[in-house]
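A.B. asks: Right, I'll just put the structure down here and ask away after.
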Number of protein chains: 2
Amino acid sequence: MVTIVDVARHAGVAPSTVSYVLTGKRPVSAETRMRVGESIRLLGYQPHSGAKALAGSRTNVLALVLPLREGVHLPVVMRFASSVVTTAREHDMDVLLVTADEGAAGLRRVAGTARVDGFLVMDVGLEDERVPVLRELGRPAVLLGHPTVANGLTCVDLDFEAAGARCVDHLVELGHRTIGFLGAPGAVYARNTGFAQRTLAGFSAAAMRRGVASTALPAERHRDAVRAVVGTLLRELTRMTALVVHNEAVLGLVVECLRAEGRRVPEDVAVVAICPDELAEQLRLTSVRLPADVLGRRAVELLMAKLNGQQPPALTLLPPKLFSRTG
Amino acid sequence: MVTIVDVARHAGVAPSTVSYVLTGKRPVSAETRMRVGESIRLLGYQPHSGAKALAGSRTNVLALVLPLREGVHLPVVMRFASSVVTTAREHDMDVLLVTADEGAAGLRRVAGTARVDGFLVMDVGLEDERVPVLRELGRPAVLLGHPTVANGLTCVDLDFEAAGARCVDHLVELGHRTIGFLGAPGAVYARNTGFAQRTLAGFSAAAMRRGVASTALPAERHRDAVRAVVGTLLRELTRMTALVVHNEAVLGLVVECLRAEGRRVPEDVAVVAICPDELAEQLRLTSVRLPADVLGRRAVELLMAKLNGQQPPALTLLPPKLFSRTG
DNA sequence: AACCACGTTCGAAGCGCTTCGATTCAATTC
DNA sequence: GAATTGAATCGAAGCGCTTCGAACGTGGTT
């Protein structure tokens, strides 16, 4: 293994000088810098990360905590992870993969053994046991998903409220005056899960503001329940010409049921979904996408800012983008 | 931060003794072991991973190299990753996530900076630039996906040949005597991609052995091509009552086209797929699953064996499991 | 001519852990 | 009772890096 001492000897300088060339923490004359650089190249020197971490107390690794259980939409998680790794590498960081299964203990472990400099935590619940632990650990952290606005912790998410409103605005501009809303299963709203409520709130407020008639109903997961709720909607909101769906699990079923009821989609009922892009793409529905890649990038950038001693805003909401697929 | 010296002082022993308690590399009397353990608990000591790596030249981290680009089936990747992390943790290892984008340079980097002890590489091609690099780096590595049988490198994969045969056997047992096969796009076979060929080989050999009539055709990705190839198959193999599909991208389309041609599935044509489980589940097709979770576990276990100086077999093939979904 | 200041470079002291030879002490042996 | 063993423990020397104070020249100042 090539060490910093080898490089120093080869370049005829002290090890510390090599270190300063590498880190730029002290001025080095152009000439020595060249010579050292040359030696590094020639010897193929790569600093030992363990030694660096020990001496410098920075690991250049960040922990990515992902919910890898079933139930979450895996392609979205994956896209997020991909974006995180790519962005992290641009900042010369590596990414340690931690599963949510390990819970708070996992955070304690990787922080306590000094494996990582900071945390990126996806899918944080409102009453998440990890939130107090993160605060206690005192390492930079960025939370993602359904952010609890938590003092000292930084959160990123899609602006679901704006997303709900955006759907209404889009439909109103197309001339619709009566719009239905199908949301998550009832239990999700009861649980006070943040993102579901915020979408609904955005939807309702926009409907009010625009003066359109609307009805919102929760949608359970199974086929019969969907059929029933679609029926209810059509019966209650007889002049409904548009429907906003915020429930990726039943989206396909909803369209199926509408067609079974004799409504053409989108001619009779325009459907706008809030869901991962590929799903909408597949079903050819207009949608507000869940921008996993942008979220990942932004999350890393916020974390890096914190690592560099800055204090980024506690909450970053990404503006929703609507993709029209009426073609 | 609590160091080993703090623990030693608290327990009234030398730091080295604490180390021996922790690693078990030298005998320690039961009494001291107790006392030291107690101090560790009381002080909440967690060894500094950087220091450990520096002194011990083991990081307890393994690199997981994943293809996070579009095109690969993300849920499978995710399930694999999940299984890898879980199994790694059982061996007290952490997992560093590396994207295939970084290519061979990425491997050089994490090995050169001593960030990881070994590699788990998914989706390795036959002519992969990373294979020679892995050999050159000389670190334990386990390849996954379409293994090149490569001296010194260890490979794991589903036994695709057996999978092809298994489908035939299953169908023959159900009484089918004429079986079609739809495979990957033609280009994949031309590229000599291993897994596609092996499945086909297994299928053909089994058909021969069982004395059933069969025709195999490649399937391109777009709708029209699928319609055409299904048409060809029905025309050429007029008595075909069963079809094996090894092409997850067009599986749905194939079923659709069969129905469009007036064949009921599975009554008129029994379809068996070789594809990720959830896809088959969704389409309610009998299938040979791609056991991502088992692959992940096995891959880690093989890697751990290599790290512990053992020499596991160069190639591990997992037996295919067929799930009947004729209900 | 002696001095100061500044940009560069050096040397040495850690960072927290492992590991190896040396030491201790009690139990055994002749 | 002196010598020999062996288990348990200690002490110190690294592992490869960063960082801080000191030293070194050079050029400009008085």
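Order determines the names: the first chain of the structure tokens is A, the second B, and so forth; residues in each chain are numbered 1 upward, and ligands are numbered 1 upward as they are shown.
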Tell me, as a list in words, which residues lie within 12 Å of DA22 (chain D), counting only C-alpha atoms (C1' of nucleotides); anything in the same chain fewer than 6 positions away does not count.
C.D. replies: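 Final neighbour list, sorted by chain and number: DT9, DC10, DG11 and DA12 of chain C.
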A.B. asks: Just the selected residues (N, CA and C atoms (P, O5', C5', C4', C3', O3' and C1' of nucleotides)), exported as a tab-separated table (two decimals), in the first residue's frame, please.
C.D. replies:
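Just written: part11.tsv:
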chain	number	residue	atom	x	y	z
C	9	DT	P	6.51	25.17	-0.38
C	9	DT	O5'	7.07	24.48	0.93
C	9	DT	C5'	8.47	24.57	1.21
C	9	DT	C4'	8.73	24.07	2.61
C	9	DT	C3'	8.30	22.63	2.86
C	9	DT	O3'	9.48	21.83	2.93
C	9	DT	C1'	7.82	24.06	4.70
C	10	DC	P	9.32	20.26	3.25
C	10	DC	O5'	9.59	20.28	4.82
C	10	DC	C5'	10.72	20.98	5.32
C	10	DC	C4'	10.77	20.87	6.84
C	10	DC	C3'	10.65	19.44	7.36
C	10	DC	O3'	11.71	19.20	8.25
C	10	DC	C1'	9.08	20.89	8.42
C	11	DG	P	12.12	17.69	8.65
C	11	DG	O5'	11.49	17.60	10.11
C	11	DG	C5'	11.66	18.70	10.99
C	11	DG	C4'	11.00	18.43	12.33
C	11	DG	C3'	10.89	16.95	12.71
C	11	DG	O3'	11.25	16.87	14.07
C	11	DG	C1'	8.72	17.92	12.62
C	12	DA	P	11.20	15.49	14.87
C	12	DA	O5'	9.83	15.66	15.68
C	12	DA	C5'	9.45	16.97	16.15
C	12	DA	C4'	8.18	16.86	16.95
C	12	DA	C3'	7.93	15.51	17.59
C	12	DA	O3'	7.15	15.72	18.75
C	12	DA	C1'	6.24	15.90	16.02
A.B. asks: List as a VMD selection string the protein and nucleic acid residues near region 20-29 of chain C, meaning an atom at most 10 Å away when only C-alpha atoms (C1' of nucleotides) are counted, but skip any in the same chain fewer than 2 places from it.
C.D. replies: (chain C and resid 18) or (chain D and resid 3 to 13)
A.B. asks: Using the selection just defined, write its residues with C-alpha atoms (C1' of nucleotides) as a short mmCIF file (atom, residue, chain, number, x, y, z; two decimals), in the first residue's frame.
C.D. replies:
data_model
loop_
_atom_site.label_atom_id
_atom_site.label_comp_id
_atom_site.auth_asym_id
_atom_site.auth_seq_id
_atom_site.Cartn_x
_atom_site.Cartn_y
_atom_site.Cartn_z
"C1'" DT C 18 -4.68 -3.91 17.45
"C1'" DA D 3 12.87 -24.69 38.49
"C1'" DT D 4 9.37 -25.01 34.88
"C1'" DT D 5 5.26 -24.25 32.91
"C1'" DG D 6 1.26 -21.72 31.22
"C1'" DA D 7 -2.65 -18.75 31.67
"C1'" DA D 8 -3.67 -13.88 32.25
"C1'" DT D 9 -2.35 -9.35 31.76
"C1'" DC D 10 0.46 -5.30 30.65
"C1'" DG D 11 3.13 -1.90 27.92
"C1'" DA D 12 4.56 -0.03 23.87
"C1'" DA D 13 4.94 0.21 19.14
#
A.B. asks: Based on only C-alpha atoms (C1' of nucleotides), which of the residues in chain C come within 9 Å of chain B? I want them as a PDB file with C-alpha atoms (C1' of nucleotides), in the first residue's frame.
C.D. replies:
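Final output, selection09.pdb:
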ATOM      1  C1'  DC C  15      -6.413  10.360  16.741  1.00  0.00           C
ATOM      2  C1'  DG C  16      -8.267   5.212  18.944  1.00  0.00           C
ATOM      3  C1'  DC C  17      -7.378   0.863  18.014  1.00  0.00           C
ATOM      4  C1'  DT C  18      -4.684  -3.909  17.451  1.00  0.00           C
ATOM      5  C1'  DT C  19      -0.918  -6.846  18.247  1.00  0.00           C
TER       6       DT C  19
END
A.B. asks: Could you please tell me, as a PyMOL selection string, which residues of chain A have an atom within 10 Å of chain B when using only C-alpha atoms?
C.D. replies: chain A and resi 1-2+44-55+57-59+61-64+66-70+73-83+85-86+89+94-99+101-102+108-116
A.B. asks: Pick from B:Gly183, B:Gly202, B:Gly118, B:Gly106: nearest to Thr154 (chain B), with only C-alpha atoms counted?
C.D. replies: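 Nearest candidate to Thr154 (chain B) out of B:Gly183, B:Gly202, B:Gly118, B:Gly106: B:Gly118.
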